[in-house]
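Colleague: Got coords.txt for you, compact mmCIF, C-alpha atoms and all ligand atoms:
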```
# COMPACT_ATOMS: atom_id res chain seq x y z
CA MET Z 432 114.83 29.55 83.44
CA ALA Z 433 114.59 33.14 84.74
CA LEU Z 434 117.72 34.66 86.25
CA LYS Z 435 117.70 34.70 90.05
CA LEU Z 436 118.74 38.16 91.24
CA ARG Z 437 119.36 39.56 94.73
CA LEU Z 438 119.64 43.33 95.03
CA LEU Z 439 122.91 44.55 96.59
CA SER Z 440 121.83 48.05 97.63
CA PHE Z 441 119.13 50.63 97.06
CA ALA Z 442 121.36 52.56 94.67
CA LEU Z 443 122.70 49.86 92.39
CA GLY Z 444 123.91 46.32 91.95
CA ALA Z 445 122.46 42.83 91.91
CA GLU Z 446 123.90 39.43 92.63
CA VAL Z 447 123.22 36.81 89.99
CA CYS Z 448 122.62 33.62 91.98
CA GLY Z 449 123.36 30.09 90.82
CA ILE Z 450 125.38 30.95 87.72
CA ASP Z 451 128.58 29.27 86.51
CA VAL Z 452 130.37 31.30 83.86
CA SER Z 453 132.75 28.46 83.02
CA ARG Z 454 129.76 26.81 81.35
CA ASN Z 455 129.02 27.81 77.79
CA LEU Z 456 126.02 30.05 78.51
CA SER Z 457 123.36 30.07 75.81
CA GLU Z 458 122.50 33.29 73.94
CA HIS Z 459 119.28 33.39 75.91
CA GLU Z 460 121.05 33.05 79.29
CA PHE Z 461 123.62 35.66 78.36
CA GLY Z 462 120.87 37.99 77.10
CA ASP Z 463 119.25 37.85 80.55
CA ILE Z 464 122.61 38.64 82.20
CA TYR Z 465 123.19 41.54 79.84
CA ARG Z 466 119.76 43.03 80.49
CA ALA Z 467 120.39 42.77 84.25
CA PHE Z 468 123.76 44.49 83.74
CA LEU Z 469 122.05 47.42 81.97
CA GLU Z 470 119.35 47.62 84.61
CA HIS Z 471 121.44 47.35 87.79
CA GLY Z 472 124.82 48.86 86.75
CA ILE Z 473 126.76 46.20 88.68
CA LEU Z 474 126.44 42.43 88.75
CA LEU Z 475 128.04 40.22 91.39
CA LEU Z 476 128.80 36.59 90.55
CA ARG Z 477 130.13 34.57 93.50
CA ASN Z 478 132.15 31.34 93.58
CA GLN Z 479 133.60 31.63 90.08
CA GLY Z 480 136.79 29.58 90.39
CA ILE Z 481 137.72 30.05 86.75
CA THR Z 482 140.93 30.19 84.74
CA ARG Z 483 142.26 33.36 83.09
CA GLU Z 484 141.23 31.94 79.72
CA GLN Z 485 137.66 31.48 80.98
CA HIS Z 486 137.65 34.99 82.44
CA ILE Z 487 138.68 36.36 79.04
CA GLU Z 488 136.22 34.19 77.13
CA PHE Z 489 133.27 35.19 79.31
CA SER Z 490 134.28 38.88 79.15
CA ARG Z 491 134.30 38.75 75.33
CA ARG Z 492 130.57 38.10 75.41
CA PHE Z 493 130.23 41.77 76.48
CA GLY Z 494 132.32 43.13 73.60
CA GLU Z 495 135.85 43.72 72.35
CA LEU Z 496 138.46 43.70 75.11
CA ASP Z 497 141.13 46.31 75.73
CA ARG Z 498 144.74 45.05 75.58
CA HIS Z 499 145.80 47.67 78.12
CA ASP Z 500 148.38 49.36 75.90
CA THR Z 501 148.11 52.53 78.00
CA LEU Z 502 149.03 50.58 81.16
CA PRO Z 503 151.64 48.13 79.81
CA ARG Z 504 153.30 47.51 83.17
CA ASP Z 505 150.09 46.36 84.81
CA ARG Z 506 148.95 43.77 82.31
CA HIS Z 507 149.55 40.07 82.64
CA PRO Z 508 152.68 39.09 80.65
CA ASP Z 509 150.91 36.24 78.83
CA HIS Z 510 147.39 37.69 78.67
CA PRO Z 511 147.31 41.39 77.66
CA GLU Z 512 143.52 41.34 78.17
CA ILE Z 513 144.09 40.85 81.92
CA LEU Z 514 145.05 43.84 84.03
CA LEU Z 515 146.61 42.92 87.36
CA VAL Z 516 145.45 44.80 90.44
CA THR Z 517 147.76 43.40 93.06
CA ASN Z 518 149.97 44.37 95.96
CA GLU Z 519 152.05 41.22 95.58
CA PRO Z 520 155.69 42.35 95.27
CA LYS Z 521 157.54 41.52 92.05
CA PRO Z 522 159.89 38.48 92.04
CA SER Z 523 162.76 40.98 92.56
CA GLY Z 524 161.10 42.12 95.78
CA ALA Z 525 160.22 45.54 94.29
CA PRO Z 526 156.69 46.80 95.02
CA SER Z 527 153.96 45.93 92.55
CA ASP Z 528 153.22 48.60 89.91
CA SER Z 529 149.48 48.24 90.49
CA LYS Z 530 149.61 48.50 94.27
CA TYR Z 531 147.68 51.78 94.22
CA THR Z 532 145.37 51.14 91.27
CA GLY Z 533 141.95 52.71 91.60
CA ARG Z 534 142.51 54.81 94.72
CA GLN Z 535 140.54 57.73 93.25
CA TRP Z 536 136.90 57.87 92.14
CA HIS Z 537 137.02 57.06 88.43
CA SER Z 538 135.47 55.32 85.46
CA ASP Z 539 137.81 52.93 83.65
CA LEU Z 540 139.72 54.29 80.64
CA SER Z 541 138.03 57.72 80.89
CA PHE Z 542 141.51 59.11 80.09
CA THR Z 543 141.46 57.47 76.65
CA LEU Z 544 139.53 58.11 73.44
CA VAL Z 545 137.70 54.80 73.82
CA PRO Z 546 136.50 54.75 77.42
CA SER Z 547 135.42 51.39 78.71
CA MET Z 548 131.79 50.26 78.56
CA GLY Z 549 132.30 47.69 81.29
CA SER Z 550 134.86 45.95 83.47
CA LEU Z 551 134.92 42.43 84.92
CA LEU Z 552 137.05 42.26 88.08
CA ARG Z 553 137.74 38.87 89.62
CA CYS Z 554 139.04 38.50 93.14
CA VAL Z 555 141.82 35.92 93.43
CA ILE Z 556 143.01 36.75 96.95
CA ALA Z 557 141.13 39.03 99.37
CA PRO Z 558 142.74 40.31 102.57
CA PRO Z 559 141.18 38.91 105.77
CA VAL Z 560 139.35 42.18 106.33
CA GLY Z 561 138.80 45.31 104.20
CA GLY Z 562 140.19 46.05 100.74
CA ASP Z 563 136.64 47.00 99.73
CA THR Z 564 135.57 48.75 96.54
CA MET Z 565 132.85 51.40 96.39
CA PHE Z 566 130.62 52.12 93.40
CA ALA Z 567 128.39 55.13 92.73
CA ASN Z 568 125.30 55.31 90.53
CA MET Z 569 125.93 58.22 88.17
CA TYR Z 570 122.39 58.26 86.74
CA MET Z 571 121.08 58.90 90.24
CA ALA Z 572 123.75 61.53 90.83
CA TYR Z 573 122.77 63.35 87.63
CA ASP Z 574 119.03 63.09 88.25
CA ALA Z 575 119.41 64.51 91.78
CA LEU Z 576 121.08 67.72 90.58
CA SER Z 577 118.95 70.84 90.36
CA ALA Z 578 117.77 71.96 86.91
CA GLY Z 579 120.11 74.95 87.27
CA MET Z 580 123.16 72.77 87.88
CA GLN Z 581 122.18 70.39 85.07
CA LYS Z 582 122.07 73.40 82.74
CA LEU Z 583 125.40 74.74 84.01
CA ILE Z 584 127.27 71.49 83.34
CA ALA Z 585 125.42 70.51 80.15
CA ASP Z 586 128.17 71.59 77.75
CA LEU Z 587 131.22 71.26 79.99
CA HIS Z 588 134.09 68.91 79.16
CA GLY Z 589 136.26 67.52 81.95
CA ILE Z 590 139.98 67.01 81.27
CA HIS Z 591 140.84 63.47 82.39
CA VAL Z 592 144.46 62.82 83.29
CA SER Z 593 145.82 59.39 84.14
CA ALA Z 594 148.08 60.50 86.96
CA ARG Z 595 147.74 57.78 89.52
CA LYS Z 596 150.18 57.32 92.36
CA ILE Z 597 153.12 55.59 90.71
CA VAL Z 598 155.30 53.34 92.80
CA ASP Z 599 158.51 53.95 90.85
CA LEU Z 600 158.77 57.71 90.45
CA SER Z 601 161.73 57.78 88.07
CA PRO Z 602 161.55 60.69 85.57
CA GLU Z 603 161.71 58.17 82.67
CA ARG Z 604 158.77 56.26 84.05
CA ALA Z 605 156.70 59.41 84.56
CA ALA Z 606 157.57 60.60 81.01
CA GLU Z 607 156.56 57.24 79.51
CA HIS Z 608 153.24 57.30 81.36
CA LYS Z 609 152.57 60.87 80.20
CA ARG Z 610 153.41 60.08 76.57
CA LEU Z 611 151.04 57.10 76.55
CA ASN Z 612 148.30 59.09 78.29
CA PRO Z 613 147.79 62.64 76.99
CA PRO Z 614 145.00 64.65 78.68
CA ILE Z 615 141.59 63.75 77.24
CA ALA Z 616 138.49 65.96 77.26
CA GLN Z 617 135.24 64.09 77.97
CA PRO Z 618 131.71 65.47 78.30
CA VAL Z 619 130.65 65.90 81.93
CA VAL Z 620 127.20 64.58 81.02
CA ARG Z 621 127.07 61.51 78.81
CA VAL Z 622 124.04 59.85 77.31
CA HIS Z 623 124.26 56.11 77.84
CA PRO Z 624 124.26 54.65 74.31
CA GLU Z 625 122.05 51.71 75.26
CA THR Z 626 119.63 53.00 77.90
CA GLY Z 627 119.42 56.57 76.54
CA ARG Z 628 119.69 57.91 80.12
CA LYS Z 629 121.93 60.82 81.11
CA ALA Z 630 124.73 60.10 83.59
CA LEU Z 631 127.34 62.29 85.25
CA TYR Z 632 130.80 61.53 83.89
CA ILE Z 633 133.14 63.01 86.44
CA GLY Z 634 135.75 61.72 88.87
CA GLU Z 635 139.00 62.52 90.61
CA LYS Z 636 141.02 62.12 87.40
CA VAL Z 637 139.36 65.29 86.11
CA LYS Z 638 141.89 68.08 86.59
CA CYS Z 639 139.91 71.01 85.13
CA PHE Z 640 137.20 71.84 82.63
CA ALA Z 641 138.17 72.60 79.02
CA GLY Z 642 138.94 76.29 78.64
CA MET Z 643 139.10 76.92 82.40
CA THR Z 644 141.94 76.96 84.92
CA GLN Z 645 142.34 74.35 87.64
CA GLU Z 646 141.66 76.98 90.28
CA GLU Z 647 138.39 77.92 88.58
CA SER Z 648 137.35 74.31 87.97
CA ARG Z 649 138.31 72.68 91.27
CA PRO Z 650 135.34 73.76 93.42
CA LEU Z 651 132.81 72.39 90.92
CA ILE Z 652 134.77 69.17 90.29
CA GLU Z 653 135.00 68.59 94.03
CA TYR Z 654 131.31 69.36 94.51
CA LEU Z 655 130.26 66.95 91.74
CA CYS Z 656 132.50 64.15 93.07
CA ARG Z 657 131.24 64.67 96.62
CA HIS Z 658 127.64 64.82 95.43
CA ALA Z 659 127.94 61.67 93.30
CA SER Z 660 129.55 59.68 96.10
CA ARG Z 661 126.87 60.45 98.71
CA PRO Z 662 126.15 57.27 100.68
CA GLU Z 663 122.67 56.91 99.21
CA PHE Z 664 124.11 56.63 95.67
CA VAL Z 665 126.77 54.08 96.66
CA TYR Z 666 127.26 50.33 97.02
CA ARG Z 667 130.30 49.11 98.99
CA HIS Z 668 131.59 45.66 98.07
CA GLN Z 669 133.39 43.37 100.50
CA TRP Z 670 135.38 40.94 98.43
CA GLN Z 671 135.50 37.17 98.74
CA ALA Z 672 137.90 35.05 96.70
CA ASN Z 673 136.29 34.01 93.39
CA ASP Z 674 133.87 36.94 93.25
CA ILE Z 675 133.45 38.53 89.86
CA LEU Z 676 132.03 42.03 89.78
CA ILE Z 677 130.89 43.39 86.43
CA TRP Z 678 130.15 47.11 86.23
CA ASP Z 679 128.94 49.51 83.60
CA ASN Z 680 131.54 52.29 83.33
CA ARG Z 681 129.09 54.49 81.44
CA CYS Z 682 126.87 55.02 84.48
CA VAL Z 683 128.99 53.89 87.45
CA MET Z 684 132.19 55.26 88.97
CA HIS Z 685 134.25 53.39 91.55
CA ILE Z 686 137.13 53.62 94.01
CA ALA Z 687 139.43 51.04 95.61
CA LEU Z 688 139.71 51.69 99.35
CA ALA Z 689 142.95 51.53 101.31
CA ASP Z 690 141.02 50.10 104.28
CA PHE Z 691 143.22 47.07 104.87
CA ASP Z 692 146.52 45.91 106.25
CA GLU Z 693 148.84 46.34 103.29
CA THR Z 694 151.15 43.57 104.51
CA GLN Z 695 148.28 41.20 103.61
CA LEU Z 696 147.91 40.05 100.01
CA ARG Z 697 145.15 41.48 97.83
CA HIS Z 698 145.10 40.24 94.25
CA LEU Z 699 142.43 40.96 91.66
CA GLU Z 700 142.38 40.59 87.87
CA ARG Z 701 140.38 42.71 85.48
CA THR Z 702 139.25 42.55 81.90
CA THR Z 703 138.12 45.80 80.33
CA VAL Z 704 135.47 45.93 77.61
CA LEU Z 705 135.89 48.75 75.11
CA GLY Z 706 133.06 51.22 74.67
CA THR Z 707 132.22 53.68 71.93
CA PRO Z 708 134.71 56.44 71.00
CA SER Z 709 134.31 59.58 73.11
CA GLY Z 710 136.24 62.77 73.78
CA TYR Z 711 139.27 64.41 72.19
CA VAL Z 712 142.94 65.01 73.01
CA TYR Z 713 143.08 68.28 74.92
CA GLN Z 714 145.71 70.70 73.63
CA GLY Z 715 144.82 73.57 75.98
CA PRO Z 716 146.88 74.56 79.01
CA LEU Z 717 146.56 72.54 82.21
CA HIS Z 718 147.21 75.29 84.70
O1 LIG V 801 141.05 47.23 93.33
C1 LIG V 801 139.89 47.60 93.27
O2 LIG V 801 139.11 47.43 94.18
C2 LIG V 801 139.38 48.31 92.07
C3 LIG V 801 140.44 48.48 91.04
C4 LIG V 801 140.05 49.52 90.07
O3 LIG V 801 139.75 50.62 90.42
C5 LIG V 801 140.01 49.19 88.67
O4 LIG V 801 140.31 48.06 88.29
O5 LIG V 801 139.63 50.09 87.90
```
Take the structure from the file and write it as structure tokens.
Ligand SMILES: O=C(O)CCC(=O)C(=O)O

Modeller:
Amino acid sequence: MALKLRLLSFALGAEVCGIDVSRNLSEHEFGDIYRAFLEHGILLLRNQGITREQHIEFSRRFGELDRHDTLPRDRHPDHPEILLVTNEPKPSGAPSDSKYTGRQWHSDLSFTLVPSMGSLLRCVIAPPVGGDTMFANMYMAYDALSAGMQKLIADLHGIHVSARKIVDLSPERAAEHKRLNPPIAQPVVRVHPETGRKALYIGEKVKCFAGMTQEESRPLIEYLCRHASRPEFVYRHQWQANDILIWDNRCVMHIALADFDETQLRHLERTTVLGTPSGYVYQGPLH
């Protein structure tokens, strides 16, 4: 039976209606889902009250999963394939390490040598209002640039640094994070390995362009981020418990919004599918 899809926005995204991922989907059914994923950039699956094991099993259909070695404090203690995105305090009462995850426009694992091809984020607890996530279509963003700008950025590499807001700012903690996450140079324009389309690969983790200073790079980085996140290229998701959103990190960037009462619980769990190797460790100065 054909997949029933409902478009989420003009820019990107489709809801897959009437699907239950806890069922063992046939190759044919999964093939339809995968084609929709490539076409729409984001898929929404509602009412998926599944276990962590089922989340992992379904995610593996998309490819090999990351074990989140670069973010060891955020992964689930018994399931390294699950990254916790939660503001639930630790049993000690200390704030959660992942309280501020995703608060910048980014593409998952862009700061590694194997950036993610896709992520599957499941909402366990949504706050009563807000806590939305926004997604931008980076094919559209690239296509809308002038030929002159496309030429200017064609050979640039952005230096991606995993420097998120860390709750515990101890020097040891910062040093550990830096050691696990050296700066990585990634092309600013990437060709999607499956669709063959060009997409902008930029975000707020990009500190400068390779061979340029931060002062020189900043205006163009800011312009490209602002351009790519124009409302007409964006879908804004309002979470419900048991939603799964699947997005293609090769042509979509996203941001978690702080538009909610942080005394309310917000708990999501993510699996991250590895992509193809890309980029190199940047040895140049970051000044
Ligand atoms: O919490 C969210 O809405 C998104 C989290 C995020 O940015 C991520 O998992 O990469």

Colleague: Name each residue within 10 Å of ligand LIG 801 (chain V), counting only C-alpha atoms and all ligand atoms, as a PyMOL selection string.

Modeller: chain Z and resi 514-518+529-540+550-554+562-566+668-670+676+680+684-689+697-703

Colleague: With 3 Å of padding per side, what axis-aligned box (centre and edge lengths, Å, one decimal) covers all the listed atoms of range 677-684 of chain Z? Give it as AutoDock Vina command-line options.

Modeller:
```
--center_x 129.5 --center_y 49.3 --center_z 85.2 --size_x 11.3 --size_y 17.9 --size_z 13.5
```

Colleague: What does the distance from CA of Tyr570 in chain Z to CA of Leu631 in chain Z come to in Å, to one decimal?

Modeller: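 Separating CA of Tyr570 in chain Z from CA of Leu631 in chain Z is a distance of 6.6 Å.
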
Colleague: To one decimal in Å, tell me the separation between CA of Pro546 in chain Z and CA of Met580 in chain Z.

Modeller: 24.7 Å

Colleague: Counting all atoms listed in the file, which residues have an atom no more than 6 Å from (134.9, 45.6, 78.2) in the file's coordinates? Please list them as a PyMOL selection string.

Modeller: chain Z and resi 494+496+547-550+703-705

Colleague: Would you mind listing what lies within 6 Å of Val683 in chain Z as a list of chain:residue names, with all atoms listed in the file counted and same-chain residues fewer than 6 positions away left out?

Modeller: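 Here the answer would be Z:Ala567, Z:Asn568, Z:Met569.
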
Colleague: Please list as a count of residues only every residue within 7 Å of Ala442 in chain Z, counting all atoms listed in the file and excluding residues in the same chain fewer than 6 positions away.

Modeller: 5

Colleague: For a quick check of understanding, using all atoms listed in the file, which of Z:Leu651, Z:Leu544, Z:Ile584, Z:Ile464 has the smallest distance to Val619 in chain Z?

Modeller: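 Under the stated criterion, the closest residue is Z:Ile584.
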
Colleague: Under the rule that only C-alpha atoms are counted, which of Z:Val560, Z:Ala606, Z:Val622, Z:Ile590 is the nearest residue to Lys636 in chain Z?

Modeller: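 The closest residue to Lys636 in chain Z is Z:Ile590.
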
Colleague: List the neighbours of Asn673 in chain Z out to 7 Å using only C-alpha atoms; skip same-chain residues closer than 5 positions along the sequence, and give me the result as a list in words.

Modeller: Arg477, Asn478, Gln479, Gly480, Arg553, Cys554 and Val555 of chain Z

Colleague: Can those selected residues be exported to a file as an mmCIF file, keeping the file's coordinate frame so that it contains C-alpha atoms?

Modeller:
```
data_model
loop_
_atom_site.group_PDB
_atom_site.id
_atom_site.type_symbol
_atom_site.label_atom_id
_atom_site.label_comp_id
_atom_site.auth_asym_id
_atom_site.auth_seq_id
_atom_site.Cartn_x
_atom_site.Cartn_y
_atom_site.Cartn_z
ATOM 1 C CA ARG Z 477 130.130 34.570 93.500
ATOM 2 C CA ASN Z 478 132.150 31.340 93.580
ATOM 3 C CA GLN Z 479 133.600 31.630 90.080
ATOM 4 C CA GLY Z 480 136.790 29.580 90.390
ATOM 5 C CA ARG Z 553 137.740 38.870 89.620
ATOM 6 C CA CYS Z 554 139.040 38.500 93.140
ATOM 7 C CA VAL Z 555 141.820 35.920 93.430
#
```

Colleague: Could you pull the residues within 8 Å of Ala630 in chain Z, counting all atoms listed in the file, minus those fewer than 2 positions along the same chain, as a PyMOL selection string?

Modeller: chain Z and resi 569-574+620-623+628+632+681-682

Colleague: Return the single residue from Z:Ala605, Z:Ala575, Z:Leu438, Z:Leu583 that is closest to Lys629 in chain Z, with distances computed using only C-alpha atoms.

Modeller: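 Among the listed residues, Z:Ala575 lies closest to Lys629 in chain Z.
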
Colleague: May I ask which of the residues Z:Pro662, Z:Gly444, Z:Pro602, Z:Pro716 is the closest one to Ile677 in chain Z, counting only C-alpha atoms?

Modeller: Z:Gly444

Colleague: One decimal, in Å: what's the spacing between CA of Asp451 in chain Z and CA of Pro624 in chain Z?

Modeller: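 Straight-line distance from CA of Asp451 in chain Z to CA of Pro624 in chain Z works out to 28.5 Å.
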
Colleague: Set the distance at 8 Å and use all atoms listed in the file: which residues neighbour range 486-489 of chain Z once local chain neighbours fewer than 6 positions away are removed? I'd like the list as a PyMOL selection string.

Modeller: chain Z and resi 452-453+512-513+702

Colleague: List as a PyMOL selection string: which residues have an atom within 9 Å of (129.9, 34.4, 72.1), counting only C-alpha atoms?

Modeller: chain Z and resi 455-458+461+488-489+491-493

Colleague: With distances taken over all atoms listed in the file, which of Z:Asp586, Z:His718, Z:Leu611, Z:Gln485 is nearest to Asp500 in chain Z?

Modeller: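 Ranked by minimum distance to Asp500 in chain Z, first place goes to Z:Leu611.
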
Colleague: Between Z:Ile473, Z:Ala433, Z:Ala578, Z:Ile556, which residue has the minimum interatomic distance to Ala445 in chain Z, considering only C-alpha atoms?

Modeller: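 Closest to Ala445 in chain Z, using only C-alpha atoms: Z:Ile473.
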
Colleague: Give me range 550-625 of chain Z from this structure - C-alpha atoms, as a compact mmCIF listing (two decimals), in the first residue's frame.

Modeller:
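Saved result, result-v8.txt, follows:
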```txt
# COMPACT_ATOMS: atom_id res chain seq x y z
CA SER Z 550 18.96 11.79 13.09
CA LEU Z 551 15.85 10.27 14.66
CA LEU Z 552 14.62 12.35 17.62
CA ARG Z 553 11.80 10.99 19.74
CA CYS Z 554 9.86 13.17 22.12
CA VAL Z 555 9.26 11.53 25.50
CA ILE Z 556 8.02 14.58 27.42
CA ALA Z 557 7.07 17.89 25.79
CA PRO Z 558 6.50 21.04 27.86
CA PRO Z 559 2.88 22.26 27.87
CA VAL Z 560 3.78 25.00 25.41
CA GLY Z 561 6.87 25.76 23.31
CA GLY Z 562 10.18 23.89 23.26
CA ASP Z 563 9.89 23.86 19.46
CA THR Z 564 12.58 22.90 16.96
CA MET Z 565 13.16 24.70 13.66
CA PHE Z 566 14.57 23.13 10.51
CA ALA Z 567 15.93 24.83 7.38
CA ASN Z 568 16.12 23.43 3.86
CA MET Z 569 19.75 23.87 2.81
CA TYR Z 570 19.16 22.90 -0.84
CA MET Z 571 16.73 25.81 -1.13
CA ALA Z 572 19.15 28.10 0.68
CA TYR Z 573 21.94 27.18 -1.75
CA ASP Z 574 19.75 27.43 -4.86
CA ALA Z 575 18.52 30.90 -3.83
CA LEU Z 576 22.04 32.37 -3.68
CA SER Z 577 23.22 34.46 -6.61
CA ALA Z 578 25.63 32.86 -9.09
CA GLY Z 579 28.29 35.26 -7.77
CA MET Z 580 27.86 34.12 -4.18
CA GLN Z 581 27.75 30.46 -5.21
CA LYS Z 582 31.10 30.99 -6.95
CA LEU Z 583 32.56 32.84 -3.96
CA ILE Z 584 31.77 30.04 -1.51
CA ALA Z 585 32.41 27.11 -3.87
CA ASP Z 586 35.84 26.22 -2.47
CA LEU Z 587 35.52 27.54 1.08
CA HIS Z 588 35.82 25.27 4.12
CA GLY Z 589 34.09 26.21 7.36
CA ILE Z 590 35.82 25.38 10.66
CA HIS Z 591 33.25 23.62 12.85
CA VAL Z 592 33.83 23.77 16.59
CA SER Z 593 31.72 21.90 19.12
CA ALA Z 594 31.58 24.66 21.69
CA ARG Z 595 28.07 24.49 23.01
CA LYS Z 596 27.01 26.13 26.23
CA ILE Z 597 28.27 23.74 28.89
CA VAL Z 598 26.45 23.59 32.18
CA ASP Z 599 29.48 22.67 34.28
CA LEU Z 600 32.21 25.09 33.25
CA SER Z 601 35.09 23.48 35.16
CA PRO Z 602 38.45 23.82 33.33
CA GLU Z 603 38.81 20.00 33.34
CA ARG Z 604 35.45 19.59 31.69
CA ALA Z 605 36.19 22.20 29.04
CA ALA Z 606 39.61 20.60 28.36
CA GLU Z 607 38.03 17.14 27.99
CA HIS Z 608 35.43 18.47 25.56
CA LYS Z 609 38.13 20.22 23.51
CA ARG Z 610 40.35 17.12 23.38
CA LEU Z 611 37.46 14.97 22.14
CA ASN Z 612 36.39 17.61 19.62
CA PRO Z 613 39.24 19.26 17.67
CA PRO Z 614 38.19 21.88 15.08
CA ILE Z 615 37.08 20.23 11.83
CA ALA Z 616 37.11 21.83 8.38
CA GLN Z 617 34.06 20.98 6.24
CA PRO Z 618 33.18 22.20 2.75
CA VAL Z 619 30.65 25.04 2.79
CA VAL Z 620 28.91 23.46 -0.20
CA ARG Z 621 28.35 19.72 -0.08
CA VAL Z 622 26.96 17.49 -2.78
CA HIS Z 623 24.37 15.17 -1.28
CA PRO Z 624 25.74 11.66 -1.94
CA GLU Z 625 22.32 10.21 -2.75
```
